[in-house]
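Shown below: protein04.csv, with CSV, C-alpha atoms.
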chain,number,residue,atom,x,y,z
N,1,MET,CA,-23.4,-43.2,-11.5
N,2,THR,CA,-20.3,-41.2,-12.6
N,3,ALA,CA,-19.1,-38.7,-10.1
N,4,ASN,CA,-18.9,-35.1,-11.4
N,5,LEU,CA,-15.2,-34.2,-10.9
N,6,SER,CA,-13.9,-33.1,-14.2
N,7,GLU,CA,-10.4,-32.0,-13.1
N,8,THR,CA,-7.7,-34.0,-11.4
N,9,LEU,CA,-7.5,-32.9,-7.8
N,10,THR,CA,-5.2,-33.6,-4.9
N,11,LEU,CA,-7.0,-34.5,-1.7
N,12,LEU,CA,-6.0,-35.3,1.8
N,13,LEU,CA,-8.3,-37.8,3.7
N,14,VAL,CA,-7.9,-37.6,7.4
N,15,GLU,CA,-9.5,-40.8,8.6
N,16,ASP,CA,-8.4,-43.4,11.1
N,17,ASP,CA,-11.0,-46.1,10.2
N,18,ASP,CA,-9.7,-48.2,7.3
N,19,GLY,CA,-13.2,-49.2,6.2
N,20,ASP,CA,-14.4,-45.7,6.0
N,21,ALA,CA,-11.2,-44.6,4.2
N,22,LEU,CA,-11.6,-47.4,1.6
N,23,LEU,CA,-15.2,-46.4,1.0
N,24,VAL,CA,-14.2,-42.8,0.2
N,25,GLU,CA,-11.5,-44.0,-2.1
N,26,GLU,CA,-13.8,-46.4,-3.9
N,27,LEU,CA,-16.5,-43.7,-4.4
N,28,LEU,CA,-14.0,-41.3,-5.8
N,29,LYS,CA,-12.6,-43.8,-8.3
N,30,HIS,CA,-15.8,-43.3,-10.3
N,31,ALA,CA,-15.1,-39.6,-10.9
N,32,MET,CA,-14.5,-38.5,-14.5
N,33,ALA,CA,-11.0,-37.5,-13.3
N,34,PRO,CA,-10.2,-39.6,-10.2
N,35,PRO,CA,-8.3,-37.4,-7.7
N,36,THR,CA,-5.0,-38.2,-6.1
N,37,ILE,CA,-5.7,-39.1,-2.5
N,38,PHE,CA,-3.2,-38.9,0.4
N,39,ARG,CA,-4.2,-40.6,3.6
N,40,ALA,CA,-3.6,-39.5,7.2
N,41,ARG,CA,-4.7,-41.6,10.2
N,42,SER,CA,-4.3,-38.9,12.8
N,43,LEU,CA,-3.8,-35.2,13.2
N,44,ARG,CA,-0.1,-35.7,13.6
N,45,GLU,CA,0.1,-37.3,10.2
N,46,ALA,CA,-2.2,-34.7,8.7
N,47,ARG,CA,0.1,-31.8,9.8
N,48,ALA,CA,3.0,-33.4,7.9
N,49,LYS,CA,1.0,-34.0,4.8
N,50,LEU,CA,-0.9,-30.7,4.6
N,51,THR,CA,1.4,-29.3,1.8
N,52,PRO,CA,0.5,-26.5,-0.6
N,53,GLN,CA,-0.4,-29.1,-3.3
N,54,ILE,CA,-3.4,-30.2,-1.2
N,55,GLN,CA,-6.6,-28.6,-2.7
N,56,CYS,CA,-9.2,-30.2,-0.4
N,57,VAL,CA,-9.1,-31.9,3.0
N,58,LEU,CA,-11.8,-34.5,4.1
N,59,VAL,CA,-11.5,-34.7,7.8
N,60,ASP,CA,-13.2,-37.1,10.2
N,61,LEU,CA,-14.3,-35.6,13.6
N,62,SER,CA,-13.3,-38.7,15.5
N,63,LEU,CA,-9.5,-39.2,15.4
N,64,PRO,CA,-7.2,-40.9,17.9
N,65,ASP,CA,-5.5,-37.6,18.9
N,66,ALA,CA,-8.5,-35.3,18.5
N,67,SER,CA,-12.3,-35.4,18.7
N,68,ARG,CA,-15.2,-33.4,17.5
N,69,LEU,CA,-14.5,-29.8,16.5
N,70,GLU,CA,-10.9,-30.0,17.9
N,71,ALA,CA,-9.9,-32.0,14.9
N,72,LEU,CA,-11.5,-29.5,12.5
N,73,GLU,CA,-10.0,-26.5,14.2
N,74,GLU,CA,-6.5,-28.0,14.1
N,75,VAL,CA,-6.8,-28.8,10.4
N,76,LEU,CA,-8.1,-25.3,9.6
N,77,ALA,CA,-5.2,-23.8,11.6
N,78,VAL,CA,-2.5,-25.6,9.6
N,79,ALA,CA,-4.1,-26.0,6.1
N,80,PRO,CA,-2.8,-23.8,3.3
N,81,PRO,CA,-5.0,-20.7,2.8
N,82,HIS,CA,-6.4,-21.9,-0.5
N,83,THR,CA,-7.4,-25.4,0.7
N,84,ALA,CA,-11.0,-26.3,1.2
N,85,VAL,CA,-12.0,-28.3,4.2
N,86,LEU,CA,-14.9,-30.7,4.2
N,87,VAL,CA,-16.0,-32.6,7.3
N,88,LEU,CA,-16.9,-36.3,7.2
N,89,THR,CA,-18.7,-37.4,10.4
N,90,GLY,CA,-20.5,-40.5,11.6
N,91,LEU,CA,-22.7,-38.3,13.8
N,92,ARG,CA,-26.2,-37.5,12.6
N,93,ASP,CA,-26.4,-34.5,14.9
N,94,VAL,CA,-27.3,-31.5,12.8
N,95,HIS,CA,-25.8,-29.2,15.4
N,96,VAL,CA,-22.4,-30.7,14.9
N,97,GLY,CA,-22.6,-30.0,11.2
N,98,VAL,CA,-23.7,-26.4,11.7
N,99,SER,CA,-21.0,-25.9,14.2
N,100,ALA,CA,-18.4,-27.3,11.8
N,101,VAL,CA,-19.5,-24.8,9.1
N,102,GLN,CA,-19.5,-21.9,11.6
N,103,SER,CA,-16.0,-22.9,12.6
N,104,GLY,CA,-14.7,-22.6,9.0
N,105,ALA,CA,-15.5,-25.8,7.1
N,106,GLN,CA,-16.9,-25.4,3.7
N,107,ASP,CA,-19.4,-28.3,4.1
N,108,TYR,CA,-20.1,-31.5,6.1
N,109,LEU,CA,-21.3,-34.9,5.2
N,110,VAL,CA,-22.7,-37.8,7.2
N,111,LYS,CA,-20.8,-40.9,6.3
N,112,GLY,CA,-23.8,-43.2,6.0
N,113,ASP,CA,-25.5,-40.9,3.6
N,114,VAL,CA,-22.7,-40.5,1.1
N,115,ASP,CA,-22.7,-41.8,-2.5
N,116,ALA,CA,-20.3,-41.1,-5.3
N,117,ARG,CA,-22.4,-38.3,-6.8
N,118,LEU,CA,-22.9,-36.5,-3.5
N,119,LEU,CA,-19.3,-36.8,-2.4
N,120,ALA,CA,-17.9,-35.5,-5.7
N,121,ARG,CA,-20.4,-32.7,-5.8
N,122,SER,CA,-19.7,-31.7,-2.2
N,123,ILE,CA,-16.0,-31.6,-2.9
N,124,ARG,CA,-16.5,-29.4,-5.9
N,125,TYR,CA,-18.9,-27.1,-4.1
N,126,ALA,CA,-16.5,-26.9,-1.1
N,127,MET,CA,-13.7,-25.8,-3.3
N,128,GLU,CA,-15.9,-23.2,-5.0
N,129,ARG,CA,-17.0,-21.8,-1.7
N,130,LYS,CA,-13.4,-21.6,-0.6
N,131,ARG,CA,-12.6,-19.6,-3.8
N,132,ALA,CA,-15.5,-17.3,-3.2
N,133,ASP,CA,-14.5,-16.8,0.4
N,134,LEU,CA,-11.0,-15.9,-0.6
N,135,ALA,CA,-12.2,-13.5,-3.3
N,136,GLN,CA,-14.5,-11.8,-0.8
N,137,LEU,CA,-11.7,-11.5,1.7
N,138,LYS,CA,-9.4,-10.0,-0.9
N,139,LEU,CA,-12.2,-7.5,-1.9
N,140,VAL,CA,-12.7,-6.5,1.7
N,141,GLN,CA,-9.0,-6.1,2.3
N,142,ALA,CA,-8.7,-4.0,-0.9
N,143,GLU,CA,-11.6,-1.8,0.2
N,144,LEU,CA,-9.9,-1.3,3.6
N,145,VAL,CA,-6.6,-0.5,2.0
N,146,ALA,CA,-8.3,2.0,-0.3
N,147,LYS,CA,-10.0,3.7,2.6
N,148,GLU,CA,-6.8,3.9,4.6
N,149,ASN,CA,-4.9,5.2,1.6
N,150,THR,CA,-7.6,7.9,1.0
N,151,ARG,CA,-7.4,8.9,4.7
N,152,LEU,CA,-3.6,9.1,4.6
N,153,GLU,CA,-3.5,10.8,1.3
N,154,GLY,CA,-5.8,13.5,2.6
N,155,ALA,CA,-3.5,14.0,5.6
N,156,LEU,CA,-0.5,14.2,3.4
N,157,LEU,CA,-2.0,16.7,1.0
N,158,PRO,CA,-3.9,19.3,3.0
N,159,ASP,CA,-5.6,22.5,2.0
N,160,PRO,CA,-3.3,25.5,2.3
N,161,LEU,CA,-3.7,28.1,5.0
N,162,LEU,CA,-3.4,31.1,2.8
N,163,ARG,CA,-5.1,34.5,3.4
N,164,THR,CA,-3.5,36.5,0.5
N,165,ALA,CA,-5.0,36.8,-2.9
N,166,ALA,CA,-1.7,38.0,-4.3
N,167,ILE,CA,-0.4,34.4,-4.8
N,168,GLU,CA,-1.8,31.8,-7.0
N,169,HIS,CA,-1.4,28.4,-5.4
N,170,LEU,CA,-1.7,25.1,-7.3
N,171,THR,CA,-0.9,21.5,-6.3
N,172,ARG,CA,-0.8,18.1,-8.0
N,173,TYR,CA,-0.3,14.6,-6.7
N,174,LEU,CA,0.0,11.4,-8.7
N,175,PRO,CA,0.9,7.9,-7.5
N,176,GLY,CA,3.7,6.0,-9.2
N,177,SER,CA,3.2,3.1,-11.5
N,178,GLY,CA,3.2,0.7,-8.6
N,179,GLY,CA,0.0,2.3,-7.2
N,180,THR,CA,1.3,2.0,-3.6
N,181,LEU,CA,0.9,5.0,-1.4
N,182,ALA,CA,4.2,6.7,-0.5
N,183,GLY,CA,5.3,9.3,1.9
N,184,ASP,CA,5.3,12.4,-0.4
N,185,PHE,CA,3.7,15.4,1.3
N,186,PHE,CA,3.3,19.1,0.9
N,187,ASP,CA,1.8,22.0,2.9
N,188,THR,CA,1.5,25.8,2.7
N,189,VAL,CA,0.9,28.2,5.6
N,190,GLN,CA,0.8,31.9,5.9
N,191,THR,CA,1.8,33.3,9.3
N,192,PRO,CA,0.3,36.5,10.9
N,193,ASP,CA,3.3,38.6,9.7
N,194,GLY,CA,2.2,37.9,6.1
N,195,ALA,CA,5.1,35.5,5.2
N,196,VAL,CA,4.1,32.5,3.2
N,197,HIS,CA,5.8,29.2,4.1
N,198,VAL,CA,5.7,26.2,1.8
N,199,VAL,CA,7.2,22.7,2.1
N,200,VAL,CA,7.4,19.6,-0.2
N,201,GLY,CA,8.8,16.4,1.3
N,202,ASP,CA,9.5,12.8,0.5
N,203,VAL,CA,9.9,9.9,2.9
N,204,CYS,CA,11.9,7.2,1.3
N,205,GLY,CA,10.1,4.0,0.6
N,206,HIS,CA,6.5,3.0,-0.1
N,207,GLY,CA,3.6,1.7,2.0
N,208,PRO,CA,1.3,2.7,4.8
N,209,ASP,CA,4.2,3.1,7.4
N,210,GLU,CA,6.0,5.6,5.1
N,211,ALA,CA,2.8,7.4,4.4
N,212,ALA,CA,1.9,7.6,8.1
N,213,LEU,CA,5.4,9.0,8.8
N,214,GLY,CA,4.9,11.6,6.0
N,215,VAL,CA,1.6,12.6,7.7
N,216,ALA,CA,3.4,13.0,11.1
N,217,LEU,CA,6.2,15.1,9.5
N,218,ARG,CA,3.7,17.3,7.6
N,219,ILE,CA,1.6,18.0,10.7
N,220,ALA,CA,4.7,18.7,12.8
N,221,TRP,CA,6.0,21.1,10.1
N,222,ARG,CA,2.6,23.0,10.1
N,223,THR,CA,2.5,23.1,13.9
N,224,LEU,CA,6.1,24.4,14.2
N,225,VAL,CA,5.5,27.1,11.5
N,226,LEU,CA,2.4,28.3,13.2
N,227,ALA,CA,4.3,28.4,16.5
N,228,GLY,CA,6.9,30.7,14.9
N,229,GLN,CA,9.7,28.1,14.4
N,230,THR,CA,10.8,28.3,10.8
N,231,GLY,CA,14.6,27.8,10.8
N,232,ASP,CA,17.1,25.2,12.0
N,233,THR,CA,15.0,24.5,15.1
N,234,LEU,CA,12.2,23.3,12.9
N,235,LEU,CA,14.5,21.0,10.9
N,236,ARG,CA,16.2,19.6,14.0
N,237,THR,CA,12.8,18.9,15.5
N,238,LEU,CA,11.6,17.2,12.4
N,239,ASP,CA,14.8,15.2,12.4
N,240,MET,CA,14.2,14.1,16.0
N,241,LEU,CA,10.6,13.1,15.1
N,242,LEU,CA,11.7,11.1,12.1
N,243,ARG,CA,14.2,9.1,14.2
N,244,ALA,CA,11.6,8.4,16.9
N,245,GLU,CA,8.8,7.4,14.5
N,246,ARG,CA,10.5,5.5,11.7
N,247,LYS,CA,10.3,1.7,11.5
N,248,ALA,CA,13.9,1.2,10.3
N,249,PRO,CA,17.1,3.2,10.8
N,250,GLU,CA,17.7,3.4,7.1
N,251,ILE,CA,14.6,5.5,6.4
N,252,PHE,CA,15.3,9.1,5.7
N,253,THR,CA,13.4,12.1,4.4
N,254,THR,CA,14.2,14.8,1.9
N,255,LEU,CA,12.4,18.1,1.8
N,256,CYS,CA,12.5,21.6,0.4
N,257,MET,CA,11.0,24.5,2.3
N,258,ALA,CA,10.7,28.1,1.4
N,259,THR,CA,9.6,31.2,3.3
N,260,ILE,CA,8.4,34.0,1.0
N,261,ALA,CA,8.7,37.5,2.5
N,262,PRO,CA,5.6,39.4,3.3
N,263,ASP,CA,6.3,41.8,0.4
N,264,LEU,CA,6.6,38.7,-1.9
N,265,SER,CA,9.8,40.0,-3.4
N,266,SER,CA,12.3,37.4,-1.9
N,267,ALA,CA,12.4,34.0,-0.3
N,268,SER,CA,14.7,32.1,2.0
N,269,MET,CA,15.0,28.4,1.3
N,270,ARG,CA,16.4,25.3,2.8
N,271,VAL,CA,16.8,22.4,0.3
N,272,VAL,CA,17.3,19.3,2.5
N,273,GLY,CA,18.8,16.7,0.3
N,274,HIS,CA,16.0,17.4,-2.2
N,275,PRO,CA,15.8,18.4,-5.9
N,276,PRO,CA,16.1,22.1,-6.4
N,277,PRO,CA,13.0,24.3,-7.0
N,278,VAL,CA,12.4,25.7,-10.4
N,279,LEU,CA,12.0,29.4,-10.7
N,280,VAL,CA,10.6,31.6,-13.5
N,281,ARG,CA,11.6,35.2,-12.8
N,282,ASP,CA,10.8,37.9,-15.4
N,283,GLY,CA,10.5,35.2,-18.0
N,284,ALA,CA,13.9,33.5,-17.2
N,285,VAL,CA,13.7,29.8,-16.2
N,286,GLU,CA,16.3,28.3,-13.9
N,287,VAL,CA,16.7,26.3,-10.7
N,288,VAL,CA,17.7,27.6,-7.4
N,289,GLN,CA,21.5,27.6,-7.2
N,290,GLY,CA,23.6,26.3,-4.3
N,291,THR,CA,21.4,23.2,-3.7
N,292,PRO,CA,21.2,21.1,-1.7
N,293,SER,CA,21.8,23.3,1.4
N,294,GLY,CA,22.3,20.2,3.6
N,295,PRO,CA,21.7,16.5,3.9
N,296,PRO,CA,18.4,14.7,4.2
N,297,LEU,CA,16.8,14.2,7.6
N,298,GLY,CA,17.5,11.1,9.5
N,299,ILE,CA,21.1,10.5,8.3
N,300,PHE,CA,23.6,12.7,10.3
N,301,PRO,CA,22.7,13.5,13.9
N,302,ASP,CA,24.7,16.7,13.8
N,303,ALA,CA,23.6,17.9,10.4
N,304,ALA,CA,23.4,21.6,9.5
N,305,TRP,CA,21.5,23.4,6.7
N,306,SER,CA,22.5,26.6,5.1
N,307,VAL,CA,19.9,29.2,4.2
N,308,LEU,CA,19.6,30.2,0.5
N,309,ASP,CA,18.4,33.8,0.0
N,310,VAL,CA,16.6,34.0,-3.3
N,311,PRO,CA,15.5,37.3,-4.8
N,312,LEU,CA,12.2,36.9,-6.6
N,313,GLY,CA,11.5,40.3,-8.1
N,314,GLY,CA,8.1,41.6,-9.2
N,315,GLU,CA,6.9,38.8,-11.5
N,316,TRP,CA,7.7,35.2,-10.6
N,317,SER,CA,6.6,31.6,-10.4
N,318,MET,CA,8.1,28.9,-8.1
N,319,MET,CA,7.7,25.1,-8.3
N,320,LEU,CA,8.6,22.7,-5.5
N,321,TYR,CA,8.4,19.0,-6.3
N,322,THR,CA,9.4,15.5,-5.3
N,323,ASP,CA,11.8,13.4,-7.3
N,324,GLY,CA,9.0,11.4,-9.0
N,325,LEU,CA,8.8,14.3,-11.5
N,326,ILE,CA,12.5,14.2,-12.6
N,327,GLU,CA,12.7,10.4,-12.4
N,328,ALA,CA,9.9,10.0,-14.9
N,329,ALA,CA,10.7,8.0,-18.1
N,330,VAL,CA,10.5,10.1,-21.2
N,331,GLY,CA,11.1,9.6,-24.9
N,332,GLU,CA,12.1,6.6,-27.0
N,333,PRO,CA,14.3,5.0,-25.9
N,334,SER,CA,13.2,6.0,-22.4
N,335,HIS,CA,15.5,8.0,-20.2
N,336,LEU,CA,15.0,9.9,-17.0
N,337,LEU,CA,13.8,13.5,-17.4
N,338,GLY,CA,16.3,14.9,-14.8
N,339,VAL,CA,16.5,18.5,-13.6
N,340,ASP,CA,17.8,19.8,-16.9
N,341,GLY,CA,15.0,18.1,-18.8
N,342,LEU,CA,12.5,19.6,-16.4
N,343,VAL,CA,13.9,23.1,-16.9
N,344,GLU,CA,13.9,22.7,-20.7
N,345,LEU,CA,10.2,21.6,-20.6
N,346,VAL,CA,9.2,24.7,-18.7
N,347,ARG,CA,11.1,26.8,-21.2
N,348,GLU,CA,9.3,25.1,-24.1
N,349,HIS,CA,6.0,25.8,-22.4
N,350,GLY,CA,6.9,29.4,-21.6
N,351,ALA,CA,5.6,29.0,-18.0
N,352,ILE,CA,5.0,26.5,-15.3
N,353,ASP,CA,1.8,24.8,-16.5
N,354,LEU,CA,1.4,21.8,-14.1
N,355,ASP,CA,-1.1,19.8,-16.1
N,356,ARG,CA,0.8,20.2,-19.4
N,357,LEU,CA,4.1,19.5,-17.7
N,358,ILE,CA,2.8,16.2,-16.0
N,359,THR,CA,1.3,15.1,-19.3
N,360,HIS,CA,4.7,15.5,-21.1
N,361,VAL,CA,6.9,13.8,-18.5
N,362,GLY,CA,5.6,10.3,-19.3
N,363,THR,CA,5.5,7.3,-17.1
N,364,LEU,CA,6.0,7.9,-13.4
N,365,SER,CA,8.1,5.3,-11.5
N,366,ASP,CA,7.6,7.0,-8.2
N,367,ASP,CA,4.9,9.2,-6.5
N,368,LEU,CA,4.8,12.8,-7.6
N,369,ALA,CA,3.9,15.8,-5.4
N,370,VAL,CA,4.1,19.3,-6.8
N,371,VAL,CA,3.4,22.8,-5.4
N,372,MET,CA,3.4,25.8,-7.7
N,373,LEU,CA,3.2,29.4,-6.4
N,374,ARG,CA,2.8,32.4,-8.7
N,375,ARG,CA,2.7,36.0,-7.8
N,376,ARG,CA,-0.4,37.6,-9.3
N,377,THR,CA,0.5,41.0,-10.9
N,378,GLU,CA,-3.0,42.1,-11.8
Rendering of file as structure tokens:
Amino acid sequence: MTANLSETLTLLLVEDDDGDALLVEELLKHAMAPPTIFRARSLREARAKLTPQIQCVLVDLSLPDASRLEALEEVLAVAPPHTAVLVLTGLRDVHVGVSAVQSGAQDYLVKGDVDARLLARSIRYAMERKRADLAQLKLVQAELVAKENTRLEGALLPDPLLRTAAIEHLTRYLPGSGGTLAGDFFDTVQTPDGAVHVVVGDVCGHGPDEAALGVALRIAWRTLVLAGQTGDTLLRTLDMLLRAERKAPEIFTTLCMATIAPDLSSASMRVVGHPPPVLVRDGAVEVVQGTPSGPPLGIFPDAAWSVLDVPLGGEWSMMLYTDGLIEAAVGEPSHLLGVDGLVELVREHGAIDLDRLITHVGTLSDDLAVVMLRRRTE
């Protein structure tokens, strides 16, 4: 009977008995596409021959340097992740077979019961089970990553603590083209004196570590603001926290924070190595001048940041954003939007319309976080 293996496979047979090894090789010669078979007579030889090209391992449970499940466990430990493992045993003890599958083997066969059809089918099924196992594992891992990203994203992008109805507050967040969560964060807090404090920050890099660091900095910023620390003490504390929590010394953070006076007519800002905010005052669109007011956090231990006093007037809008917005690719041929391009877009629109603006900027290469504050005049 022709064995049902229709594709040429590369197998490793771990078997010390020459007669049993010859039997397996002869049975597989009758396959539609006879596999390439490498032989190992011991676990020691098997370790050397378990290369990535091996698609399936047939392992005996009685070897000169291992016995019973010890042989299987060793093979599973050193086999490439994609490699299926099928147990060949001379033992007719069903408990051994069950234990082998529970330990990680895709299937087991009793040597005396094997024919060409059964052996070929078992190899094929073992490989399909391995593929299914890997697909399920990837699915579970993707679900866990998605849940963790959702949790981190929620902590990076909280609801504002605003009591006043005199300010319209809008936020947007979009992941970059890579889809990996980054450390962009924002927050808005109104203190008992009526002042409104807002921050947008960007931890360099991408991944869960950077996102977790962004969460820590965002929570620390909110805590310090609520405790009455809004100036250089706040920035120095954030700088200390960044240095203590970052995974590598080259990780830094840029941020822009503004404190809007209780009468909403002026703001004080610190632009910490960050892109300048965009302002619309009495219909005129511009960026805050004199930026940045100091270097990013995490670079210079003795850094200082100047305060930018910005008059707002009676009718104004303010947009703080991360560099994903100005580094977006626009036009044909593509070029970066840049700060000047962003200002020009706002002028074309006649106002800061976040959804329209994001639609026009094109492909994002980095995460984008935006906060827009507008004084309501009605």
- request: Using only C-alpha atoms, pick whichever of N:Asp323, N:Glu348, N:Asp340, N:Asp366 has the shortest atom-to-atom distance to Gly283 (chain N).
  value: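 Result for the nearest residue to Gly283 (chain N): N:Glu348.
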field: Best match for closeness to Phe300 (chain N) among N:Val271, N:Met240, N:Cys56, N:Met318, counting only C-alpha atoms
entry: N:Met240
- request: For each of N:Ala248, N:Ala303, N:Met319, N:Leu235, take the minimum atom-to-atom distance to Arg281 (chain N), counting only C-alpha atoms, then give the residue where this is smallest.
  value: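 Of the candidates, the smallest distance to Arg281 (chain N) is held by N:Met319.
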Closest atom pairs, region 156-190 of chain N residues within 6 Å of region 196-215 of chain N, all atoms listed in the file, as a tab-separated table:
residue	atom	partner	partner_atom	distance
N:Leu156	CA	N:Val215	CA	5.0
N:Leu181	CA	N:Gly207	CA	5.5
N:Ala182	CA	N:His206	CA	4.4
N:Gly183	CA	N:Ala211	CA	4.0
N:Asp184	CA	N:Asp202	CA	4.3
N:Phe185	CA	N:Gly201	CA	5.2
N:Phe186	CA	N:Val200	CA	4.3
N:Asp187	CA	N:Val199	CA	5.5
N:Thr188	CA	N:Val198	CA	4.3
N:Val189	CA	N:His197	CA	5.2
N:Gln190	CA	N:Val196	CA	4.3
- line: Using only C-alpha atoms, the best pick from N:Leu337, N:Ala267, N:Ala120, N:Leu373 as closest to Leu357 (chain N) would be N:Leu337
query: Which residue out of N:Lys29, N:Val287, N:Asp17, N:Arg172 has the minimum interatomic distance to Arg356 (chain N) when all atoms listed in the file are used?
result: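 Of the candidates, the smallest distance to Arg356 (chain N) is held by N:Arg172.
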- prompt: If you count only C-alpha atoms, which residues fall within 10 Å of Leu308 (chain N), apart from same-chain ones fewer than 6 positions away, as a PyMOL selection string?
  reply: chain N and resi 258+267-271+288-293
query: CA of Pro52 (chain N) to CA of Leu11 (chain N): how many Å, to one decimal?
result: 11.0 Å
- request: Do a neighbour search on His169 (chain N) at 10 Å with only C-alpha atoms, toss out local chain neighbours closer than 3 positions, and write the hits as a PyMOL selection string.
  value: chain N and resi 160+162+165-166+188+317-318+371-375
